[in-house]
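File shown: coords17.cif (mmCIF, C-alpha atoms).
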```cif
data_run
#
loop_
_atom_site.label_atom_id
_atom_site.label_comp_id
_atom_site.auth_asym_id
_atom_site.auth_seq_id
_atom_site.Cartn_x
_atom_site.Cartn_y
_atom_site.Cartn_z
CA MET A 1 4.66 -4.82 10.23
CA ARG A 2 2.61 -1.60 9.92
CA ILE A 3 0.27 -1.23 6.97
CA LEU A 4 -1.78 1.69 5.70
CA ILE A 5 -5.25 1.11 4.27
CA ALA A 6 -7.07 3.85 2.35
CA ASP A 7 -10.63 3.21 1.16
CA ASP A 8 -13.70 5.41 1.34
CA ASP A 9 -16.01 2.37 1.53
CA VAL A 10 -16.66 1.71 5.22
CA VAL A 11 -17.61 -1.94 4.56
CA MET A 12 -14.38 -2.71 2.71
CA ARG A 13 -12.31 -0.80 5.26
CA HIS A 14 -13.74 -2.80 8.13
CA ALA A 15 -13.25 -6.12 6.33
CA LEU A 16 -9.66 -5.15 5.52
CA ARG A 17 -8.91 -4.13 9.10
CA VAL A 18 -10.26 -7.38 10.55
CA HIS A 19 -8.33 -9.56 8.07
CA LEU A 20 -5.07 -7.63 8.31
CA GLU A 21 -5.10 -7.68 12.10
CA ARG A 22 -5.80 -11.40 11.98
CA TRP A 23 -2.67 -11.71 9.80
CA GLU A 24 -0.77 -9.75 12.48
CA TYR A 25 -0.34 -6.46 10.67
CA GLU A 26 -0.61 -3.21 12.60
CA VAL A 27 -3.27 -1.27 10.68
CA VAL A 28 -3.34 2.48 10.05
CA GLU A 29 -6.79 3.26 8.63
CA CYS A 30 -7.64 6.21 6.36
CA ALA A 31 -11.12 7.03 5.04
CA ASP A 32 -9.92 8.98 1.97
CA GLY A 33 -6.87 9.93 -0.07
CA GLU A 34 -6.30 13.20 1.76
CA ALA A 35 -6.00 11.42 5.12
CA ALA A 36 -3.68 8.83 3.54
CA LEU A 37 -1.44 11.59 2.18
CA GLN A 38 -1.31 13.16 5.63
CA GLU A 39 -0.37 9.83 7.19
CA MET A 40 2.38 9.26 4.63
CA ARG A 41 3.94 12.61 5.50
CA GLU A 42 4.35 11.56 9.14
CA THR A 43 7.87 10.84 10.36
CA SER A 44 7.57 7.05 10.15
CA PRO A 45 4.90 6.10 7.61
CA PRO A 46 3.93 2.42 7.24
CA PRO A 47 6.13 0.60 4.68
CA ILE A 48 3.14 -1.11 2.99
CA ALA A 49 -0.09 0.49 1.72
CA VAL A 50 -3.31 -1.02 0.38
CA MET A 51 -5.35 1.67 -1.32
CA ASP A 52 -8.50 2.09 -3.34
CA TRP A 53 -8.39 3.85 -6.71
CA ASN A 54 -11.50 6.05 -6.53
CA MET A 55 -11.58 8.14 -3.39
CA PRO A 56 -12.79 11.66 -2.71
CA GLY A 57 -10.05 14.28 -2.83
CA VAL A 58 -6.87 12.44 -3.76
CA ASP A 59 -7.27 9.21 -5.75
CA GLY A 60 -5.08 6.10 -5.58
CA PRO A 61 -2.90 6.72 -8.66
CA THR A 62 -2.20 10.30 -7.51
CA LEU A 63 -1.11 8.93 -4.12
CA CYS A 64 1.16 6.44 -5.90
CA GLN A 65 2.80 9.24 -7.91
CA GLU A 66 3.26 11.30 -4.75
CA VAL A 67 4.95 8.37 -3.02
CA ARG A 68 7.33 7.70 -5.91
CA GLU A 69 8.31 11.38 -6.14
CA THR A 70 9.12 11.56 -2.42
CA PRO A 71 12.61 10.12 -1.69
CA THR A 72 11.77 9.15 1.92
CA LEU A 73 8.73 7.16 0.75
CA SER A 74 10.14 5.64 -2.41
CA GLY A 75 10.53 2.19 -0.78
CA MET A 76 6.84 1.96 0.16
CA TYR A 77 5.14 -1.15 -1.29
CA ILE A 78 1.72 -0.23 -2.69
CA ILE A 79 -1.17 -2.49 -3.66
CA LEU A 80 -4.02 -0.83 -5.56
CA LEU A 81 -7.28 -2.54 -4.61
CA THR A 82 -9.97 -1.48 -7.04
CA SER A 83 -13.04 -2.47 -8.99
CA ASN A 84 -11.54 -0.79 -12.09
CA ALA A 85 -11.08 -4.05 -13.90
CA SER A 86 -9.99 -3.16 -17.44
CA LYS A 87 -6.51 -3.92 -18.73
CA GLN A 88 -5.94 -0.23 -19.45
CA ASP A 89 -6.86 0.66 -15.84
CA MET A 90 -4.38 -1.93 -14.59
CA ILE A 91 -1.61 -0.49 -16.81
CA THR A 92 -2.43 3.06 -15.70
CA GLY A 93 -2.44 2.00 -12.03
CA LEU A 94 0.90 0.21 -12.24
CA GLU A 95 2.47 3.02 -14.26
CA SER A 96 1.39 5.52 -11.60
CA GLY A 97 3.74 3.70 -9.21
CA ALA A 98 1.73 0.84 -7.66
CA ASP A 99 3.66 -2.40 -7.11
CA ASP A 100 0.61 -4.64 -7.41
CA TYR A 101 -3.00 -4.45 -8.58
CA ILE A 102 -5.95 -6.46 -7.27
CA VAL A 103 -9.46 -6.27 -8.71
CA LYS A 104 -12.52 -6.27 -6.41
CA PRO A 105 -14.22 -8.54 -5.56
CA PHE A 106 -11.12 -10.52 -4.63
CA ASP A 107 -10.16 -13.62 -2.71
CA TRP A 108 -8.83 -12.89 0.79
CA ASP A 109 -6.21 -15.65 0.54
CA GLU A 110 -4.91 -13.99 -2.64
CA LEU A 111 -4.54 -10.66 -0.82
CA LYS A 112 -2.74 -12.43 2.03
CA ALA A 113 -0.31 -14.08 -0.41
CA ARG A 114 0.35 -10.83 -2.27
CA LEU A 115 0.96 -9.01 1.00
CA ARG A 116 3.51 -11.65 1.90
CA ILE A 117 5.40 -10.71 -1.29
CA GLY A 118 5.24 -7.05 -0.27
CA ASN A 119 6.42 -7.92 3.21
CA ARG A 120 9.38 -9.85 1.80
CA ILE A 121 10.37 -7.04 -0.57
CA VAL A 122 10.14 -4.40 2.18
CA SER A 123 12.25 -6.58 4.50
CA LEU A 124 14.86 -7.08 1.77
CA GLN A 125 14.96 -3.35 1.04
CA GLN A 126 15.38 -2.56 4.73
CA ALA A 127 18.21 -5.11 5.07
CA LEU A 128 19.85 -3.75 1.92
CA GLY A 129 19.56 -0.17 3.23
CA ALA A 130 21.21 -1.16 6.52
CA ARG A 131 24.02 -2.92 4.62
CA VAL A 132 24.59 0.13 2.40
CA ASN A 133 24.84 2.30 5.53
CA GLU A 134 27.42 -0.07 7.04
CA LEU A 135 29.44 0.01 3.82
CA GLN A 136 29.27 3.79 3.63
CA GLN A 137 30.57 4.04 7.17
CA ALA A 138 33.41 1.63 6.37
CA LEU A 139 34.18 3.60 3.21
CA SER A 140 34.38 6.88 5.11
CA SER A 141 36.96 5.42 7.54
CA VAL A 142 39.02 4.11 4.60
CA ARG A 143 38.98 7.60 3.09
CA VAL A 144 40.78 8.93 6.21
CA LEU A 145 43.79 6.84 5.28
CA SER A 146 43.68 7.43 1.56
CA GLY A 147 44.60 11.15 1.71
CA LEU A 148 48.09 12.69 1.57
CA LEU A 149 49.93 12.03 4.87
CA PRO A 150 52.85 14.33 5.85
CA ILE A 151 55.62 12.03 7.07
CA CYS A 152 59.06 12.94 8.43
CA ALA A 153 61.75 11.81 6.00
CA TYR A 154 64.03 10.83 8.88
CA CYS A 155 62.06 9.46 11.86
CA LYS A 156 58.94 8.51 9.85
CA ARG A 157 56.57 10.22 12.29
CA ILE A 158 53.29 11.46 10.80
CA ARG A 159 51.82 14.92 11.32
CA ASP A 160 48.17 14.59 12.39
CA ASP A 161 45.21 17.00 11.95
CA LYS A 162 46.21 18.87 15.13
CA GLN A 163 49.75 19.41 13.83
CA TYR A 164 51.31 16.93 16.29
CA TRP A 165 53.95 14.53 15.06
CA THR A 166 53.05 11.00 16.14
CA GLN A 167 54.55 7.56 15.74
CA ILE A 168 53.31 5.87 12.58
CA GLU A 169 51.89 2.91 14.52
CA HIS A 170 49.98 5.24 16.83
CA TYR A 171 48.58 7.18 13.87
CA LEU A 172 47.44 4.04 12.05
CA SER A 173 45.87 2.51 15.16
CA VAL A 174 43.81 5.68 15.68
CA HIS A 175 42.73 5.97 12.04
CA SER A 176 42.09 2.32 11.22
CA ASP A 177 41.28 -1.01 12.79
CA ALA A 178 44.94 -2.11 12.41
CA ARG A 179 46.79 -3.20 15.55
CA PHE A 180 50.55 -3.71 15.96
CA SER A 181 52.66 -6.34 17.66
CA HIS A 182 56.26 -5.27 18.07
CA GLY A 183 59.23 -7.38 16.95
CA ILE A 184 62.68 -6.85 15.33
CA CYS A 185 63.43 -7.59 11.69
CA PRO A 186 66.66 -9.49 10.83
CA GLU A 187 68.43 -6.39 9.41
CA CYS A 188 67.66 -4.29 12.50
CA LEU A 189 68.67 -7.16 14.73
CA VAL A 190 72.12 -7.25 13.11
CA LYS A 191 72.47 -3.47 13.10
CA HIS A 192 71.36 -2.95 16.69
CA ALA A 193 73.20 -6.00 18.05
CA GLU A 194 76.43 -4.53 16.65
CA GLU A 195 75.72 -1.26 18.51
CA MET B 1 -26.27 -4.67 -21.27
CA SER B 2 -28.63 -1.77 -20.65
CA ASP B 3 -31.27 -3.18 -23.05
CA LYS B 4 -31.10 -6.40 -21.16
CA LEU B 5 -31.58 -4.53 -17.91
CA ASN B 6 -34.54 -2.59 -19.27
CA ASN B 7 -36.36 -5.59 -20.62
CA MET B 8 -35.58 -8.55 -18.46
CA SER B 9 -37.28 -9.07 -15.18
CA ALA B 10 -34.96 -12.06 -14.83
CA VAL B 11 -32.20 -9.61 -13.98
CA ASP B 12 -34.11 -8.90 -10.78
CA GLU B 13 -33.86 -12.56 -9.90
CA PHE B 14 -30.84 -12.98 -7.74
CA THR B 15 -30.28 -14.46 -4.35
CA TRP B 16 -27.80 -13.34 -1.81
CA SER B 17 -26.29 -16.31 -0.04
CA PRO B 18 -25.14 -15.70 3.53
CA ASP B 19 -23.40 -19.08 3.48
CA GLN B 20 -21.31 -18.14 0.45
CA MET B 21 -20.39 -14.82 2.00
CA ILE B 22 -19.38 -16.44 5.29
CA ALA B 23 -17.32 -19.00 3.35
CA ARG B 24 -15.55 -16.15 1.46
CA LEU B 25 -14.74 -14.61 4.83
CA GLY B 26 -13.04 -17.78 6.00
CA GLY B 27 -16.06 -18.94 8.02
CA ASP B 28 -16.25 -15.77 10.10
CA GLU B 29 -20.00 -15.29 10.62
CA GLU B 30 -19.49 -12.49 13.13
CA LEU B 31 -17.55 -10.47 10.54
CA ALA B 32 -20.28 -11.16 7.96
CA ARG B 33 -22.88 -9.75 10.38
CA GLN B 34 -20.73 -6.67 11.04
CA LEU B 35 -20.37 -6.01 7.30
CA VAL B 36 -24.11 -6.46 6.75
CA THR B 37 -24.91 -3.95 9.52
CA LEU B 38 -22.42 -1.44 8.12
CA PHE B 39 -23.84 -1.79 4.59
CA ILE B 40 -27.45 -1.44 5.76
CA GLY B 41 -26.40 1.80 7.48
CA GLU B 42 -24.43 3.19 4.52
CA CYS B 43 -26.65 2.05 1.65
CA PRO B 44 -29.39 4.74 1.83
CA GLN B 45 -26.86 7.56 1.60
CA MET B 46 -24.94 5.93 -1.24
CA MET B 47 -28.13 5.24 -3.19
CA ALA B 48 -29.27 8.83 -2.59
CA GLN B 49 -26.03 10.01 -4.23
CA VAL B 50 -26.59 7.69 -7.21
CA ARG B 51 -30.19 8.91 -7.53
CA GLN B 52 -29.17 12.55 -7.33
CA SER B 53 -26.49 12.12 -10.00
CA VAL B 54 -29.02 10.52 -12.40
CA GLU B 55 -31.53 13.29 -11.73
CA GLN B 56 -28.85 15.91 -12.44
CA GLY B 57 -28.06 14.12 -15.69
CA THR B 58 -24.31 14.76 -15.81
CA PRO B 59 -22.14 11.82 -16.87
CA ASP B 60 -19.17 11.98 -14.50
CA PRO B 61 -21.12 12.05 -11.21
CA ILE B 62 -23.19 9.10 -12.50
CA ARG B 63 -19.99 7.18 -13.26
CA ARG B 64 -18.43 8.10 -9.91
CA THR B 65 -21.40 7.40 -7.62
CA ALA B 66 -22.35 4.17 -9.42
CA HIS B 67 -18.73 3.02 -9.22
CA ALA B 68 -18.60 3.72 -5.47
CA PHE B 69 -21.85 1.83 -4.91
CA LYS B 70 -20.67 -1.06 -7.06
CA GLY B 71 -17.50 -1.35 -4.93
CA SER B 72 -19.50 -1.48 -1.72
CA VAL B 73 -22.24 -3.87 -2.84
CA SER B 74 -19.69 -6.20 -4.45
CA ASN B 75 -18.66 -7.17 -0.91
CA PHE B 76 -21.90 -9.16 -0.83
CA LEU B 77 -22.44 -10.62 -4.29
CA PRO B 78 -20.96 -10.42 -7.80
CA ASP B 79 -24.24 -10.16 -9.72
CA GLY B 80 -27.66 -8.53 -9.27
CA PRO B 81 -27.15 -4.96 -7.99
CA THR B 82 -23.38 -5.19 -8.48
CA ALA B 83 -23.83 -5.87 -12.20
CA THR B 84 -26.50 -3.17 -12.51
CA ALA B 85 -24.34 -0.59 -10.75
CA PHE B 86 -21.57 -1.49 -13.19
CA ALA B 87 -23.99 -0.97 -16.10
CA LEU B 88 -24.88 2.46 -14.70
CA GLU B 89 -21.21 3.29 -14.28
CA GLN B 90 -20.64 2.44 -17.95
CA ILE B 91 -23.60 4.63 -18.94
CA GLY B 92 -21.96 7.52 -17.09
CA ARG B 93 -18.60 6.77 -18.69
CA ASP B 94 -20.11 6.65 -22.19
CA GLY B 95 -22.49 9.60 -21.65
CA ARG B 96 -25.59 7.55 -22.60
CA LEU B 97 -27.74 9.61 -20.25
CA ASP B 98 -31.10 8.64 -21.74
CA GLU B 99 -30.56 5.06 -20.53
CA ALA B 100 -29.73 6.02 -16.94
CA PRO B 101 -33.26 6.37 -15.42
CA ALA B 102 -34.36 2.85 -16.45
CA VAL B 103 -31.15 1.26 -15.15
CA LEU B 104 -31.48 3.24 -11.93
CA ALA B 105 -35.02 1.88 -11.51
CA THR B 106 -33.67 -1.67 -11.86
CA LEU B 107 -30.94 -0.90 -9.35
CA GLU B 108 -33.45 0.51 -6.85
CA ARG B 109 -35.55 -2.67 -7.09
CA GLN B 110 -32.54 -4.92 -6.66
CA VAL B 111 -31.20 -2.93 -3.72
CA ASP B 112 -34.59 -3.14 -1.98
CA MET B 113 -34.55 -6.92 -2.47
CA LEU B 114 -30.98 -7.21 -1.23
CA LEU B 115 -31.66 -5.07 1.82
CA ALA B 116 -34.65 -7.25 2.70
CA GLN B 117 -32.44 -10.35 2.53
CA LEU B 118 -29.67 -8.68 4.54
CA ARG B 119 -32.12 -7.52 7.23
CA ALA B 120 -33.53 -11.03 7.49
CA PHE B 121 -30.00 -12.34 8.06
CA GLU B 122 -29.22 -9.56 10.52
CA GLY B 123 -32.33 -10.32 12.56
CA ALA B 124 -31.89 -14.11 12.46
#
```
Give the structure from the file, written as structure tokens.
Amino acid sequence: MRILIADDDVVMRHALRVHLERWEYEVVECADGEAALQEMRETSPPPIAVMDWNMPGVDGPTLCQEVRETPTLSGMYIILLTSNASKQDMITGLESGADDYIVKPFDWDELKARLRIGNRIVSLQQALGARVNELQQALSSVRVLSGLLPICAYCKRIRDDKQYWTQIEHYLSVHSDARFSHGICPECLVKHAEE
Amino acid sequence: MSDKLNNMSAVDEFTWSPDQMIARLGGDEELARQLVTLFIGECPQMMAQVRQSVEQGTPDPIRRTAHAFKGSVSNFLPDGPTATAFALEQIGRDGRLDEAPAVLATLERQVDMLLAQLRAFEGA
């Protein structure tokens, strides 16, 4: 999975890159908030971000707000990694839109475990999004059959969008997944046998 | 905390442990050496920014530069220069500018000591 890291401290950035690559993430590295913002505006931004709070230009909480206000980025999982350790800082960071908050210096195994949570949430969101798309497609095909259908009162043919009158079974097979097997009902059998 | 920093030479007494750092990095000595080299390269510029902010005597740059230095040096140890940089950050936050030069002097001493230890490790 791709992951964005934004930290102006070159030591921390290098340590993060080495660890994340060891944990098999594909790292996109940014040296400040401005570069991170630019990366997020690309067509396929990474779904997880680990970002510092204090950076030149755009800081971490501002980036979080930007992400939450942008519909295409709203599913991004963000961990704020900061040495701002007070409870009020943590509340401010989470309220700005971060999903998690880790105080430096931190334990690398803790970061790994928290990233696993982010990974799981992103995967669930992606699966949910795909399912919603499938359902929307199914719903749109149901809508085709829920409108008003002009049907001949005598022969029961249906007039389609191109103004052709078609057999009801043909119309339904085109506009739904229904298939027909032909038989004769008892009443028709009697009626047509007499003829 | 600043009084303590002004008066206690014991604050200068800290030891950076390469073994502890390597252990924190999951036993990766090569990564520890890379981080040490990066910090030795970056430290003079970061300290120059801290120094300049104290000389200018405006609270927010002191808070900001001390915070940035604290974040970087905390990759190596939780006390010594990390604690002093935090004290300087608090001074900037609170606007207690008269205390800044003495705390900066402590920080400079500690950073010199740390750099000496890091260089010894780098050259070993």
### Task
Could you please determine the separation between CA of Glu122 (chain B) and CA of Lys70 (chain B) in Å, to one decimal place?
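These atoms are spaced 21.3 Å apart.
Put simply, the PyMOL selection byres ((chain B and resi 81-87) around 8) in this file takes in Met1, Ser2, Leu5, Ala66, His67, Phe69, Lys70, Gly71, Val73, Ser74, Leu77, Pro78, Asp79, Gly80, Leu88, Glu89, Gln90, Ile91, Val103, Thr106, Leu107, Gln110 and Val111 of chain B.
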### Task
Any chance you could resolve the PyMOL selection byres ((chain A) within 7 of (chain B)) against this file and give the residues as a ChimeraX atom specification?
/A:9,11-12,83,105
On this file, the PyMOL selection byres ((chain A and resi 1-4) around 8) gives some set of residues; write that set as a CSV table (one decimal) with C-alpha atoms, keeping the file's coordinate frame.
```
chain,number,residue,atom,x,y,z
A,5,ILE,CA,-5.2,1.1,4.3
A,6,ALA,CA,-7.1,3.8,2.4
A,24,GLU,CA,-0.8,-9.8,12.5
A,25,TYR,CA,-0.3,-6.5,10.7
A,26,GLU,CA,-0.6,-3.2,12.6
A,27,VAL,CA,-3.3,-1.3,10.7
A,28,VAL,CA,-3.3,2.5,10.0
A,29,GLU,CA,-6.8,3.3,8.6
A,30,CYS,CA,-7.6,6.2,6.4
A,36,ALA,CA,-3.7,8.8,3.5
A,46,PRO,CA,3.9,2.4,7.2
A,47,PRO,CA,6.1,0.6,4.7
A,48,ILE,CA,3.1,-1.1,3.0
A,49,ALA,CA,-0.1,0.5,1.7
A,50,VAL,CA,-3.3,-1.0,0.4
A,51,MET,CA,-5.4,1.7,-1.3
A,119,ASN,CA,6.4,-7.9,3.2
```
Please identify all polymer residues within 9 Å of region 136-153 of chain A, counting all atoms listed in the file, omitting same-chain residues fewer than 2 positions from it, and present them as a PDB file with C-alpha atoms, in the coordinates of the input.
```pdb
ATOM      1  CA  ARG A 131      24.020  -2.920   4.620  1.00  0.00           C
ATOM      2  CA  VAL A 132      24.590   0.130   2.400  1.00  0.00           C
ATOM      3  CA  ASN A 133      24.840   2.300   5.530  1.00  0.00           C
ATOM      4  CA  GLU A 134      27.420  -0.070   7.040  1.00  0.00           C
ATOM      5  CA  CYS A 155      62.060   9.460  11.860  1.00  0.00           C
ATOM      6  CA  LYS A 156      58.940   8.510   9.850  1.00  0.00           C
ATOM      7  CA  ARG A 157      56.570  10.220  12.290  1.00  0.00           C
ATOM      8  CA  ILE A 158      53.290  11.460  10.800  1.00  0.00           C
ATOM      9  CA  ARG A 159      51.820  14.920  11.320  1.00  0.00           C
ATOM     10  CA  ASP A 160      48.170  14.590  12.390  1.00  0.00           C
ATOM     11  CA  TRP A 165      53.950  14.530  15.060  1.00  0.00           C
ATOM     12  CA  ILE A 168      53.310   5.870  12.580  1.00  0.00           C
ATOM     13  CA  LEU A 172      47.440   4.040  12.050  1.00  0.00           C
ATOM     14  CA  HIS A 175      42.730   5.970  12.040  1.00  0.00           C
ATOM     15  CA  SER A 176      42.090   2.320  11.220  1.00  0.00           C
TER      16      SER A 176
END
```
### Task
Take CA of Pro101 (chain B) and CA of Asp60 (chain B) and report the distance between them in Å, one decimal.
15.2 Å
### Message
Please report the interatomic distance between CA of Arg51 (chain B) and CA of Asn54 (chain A) in Å with one decimal.
### Response
18.9 Å
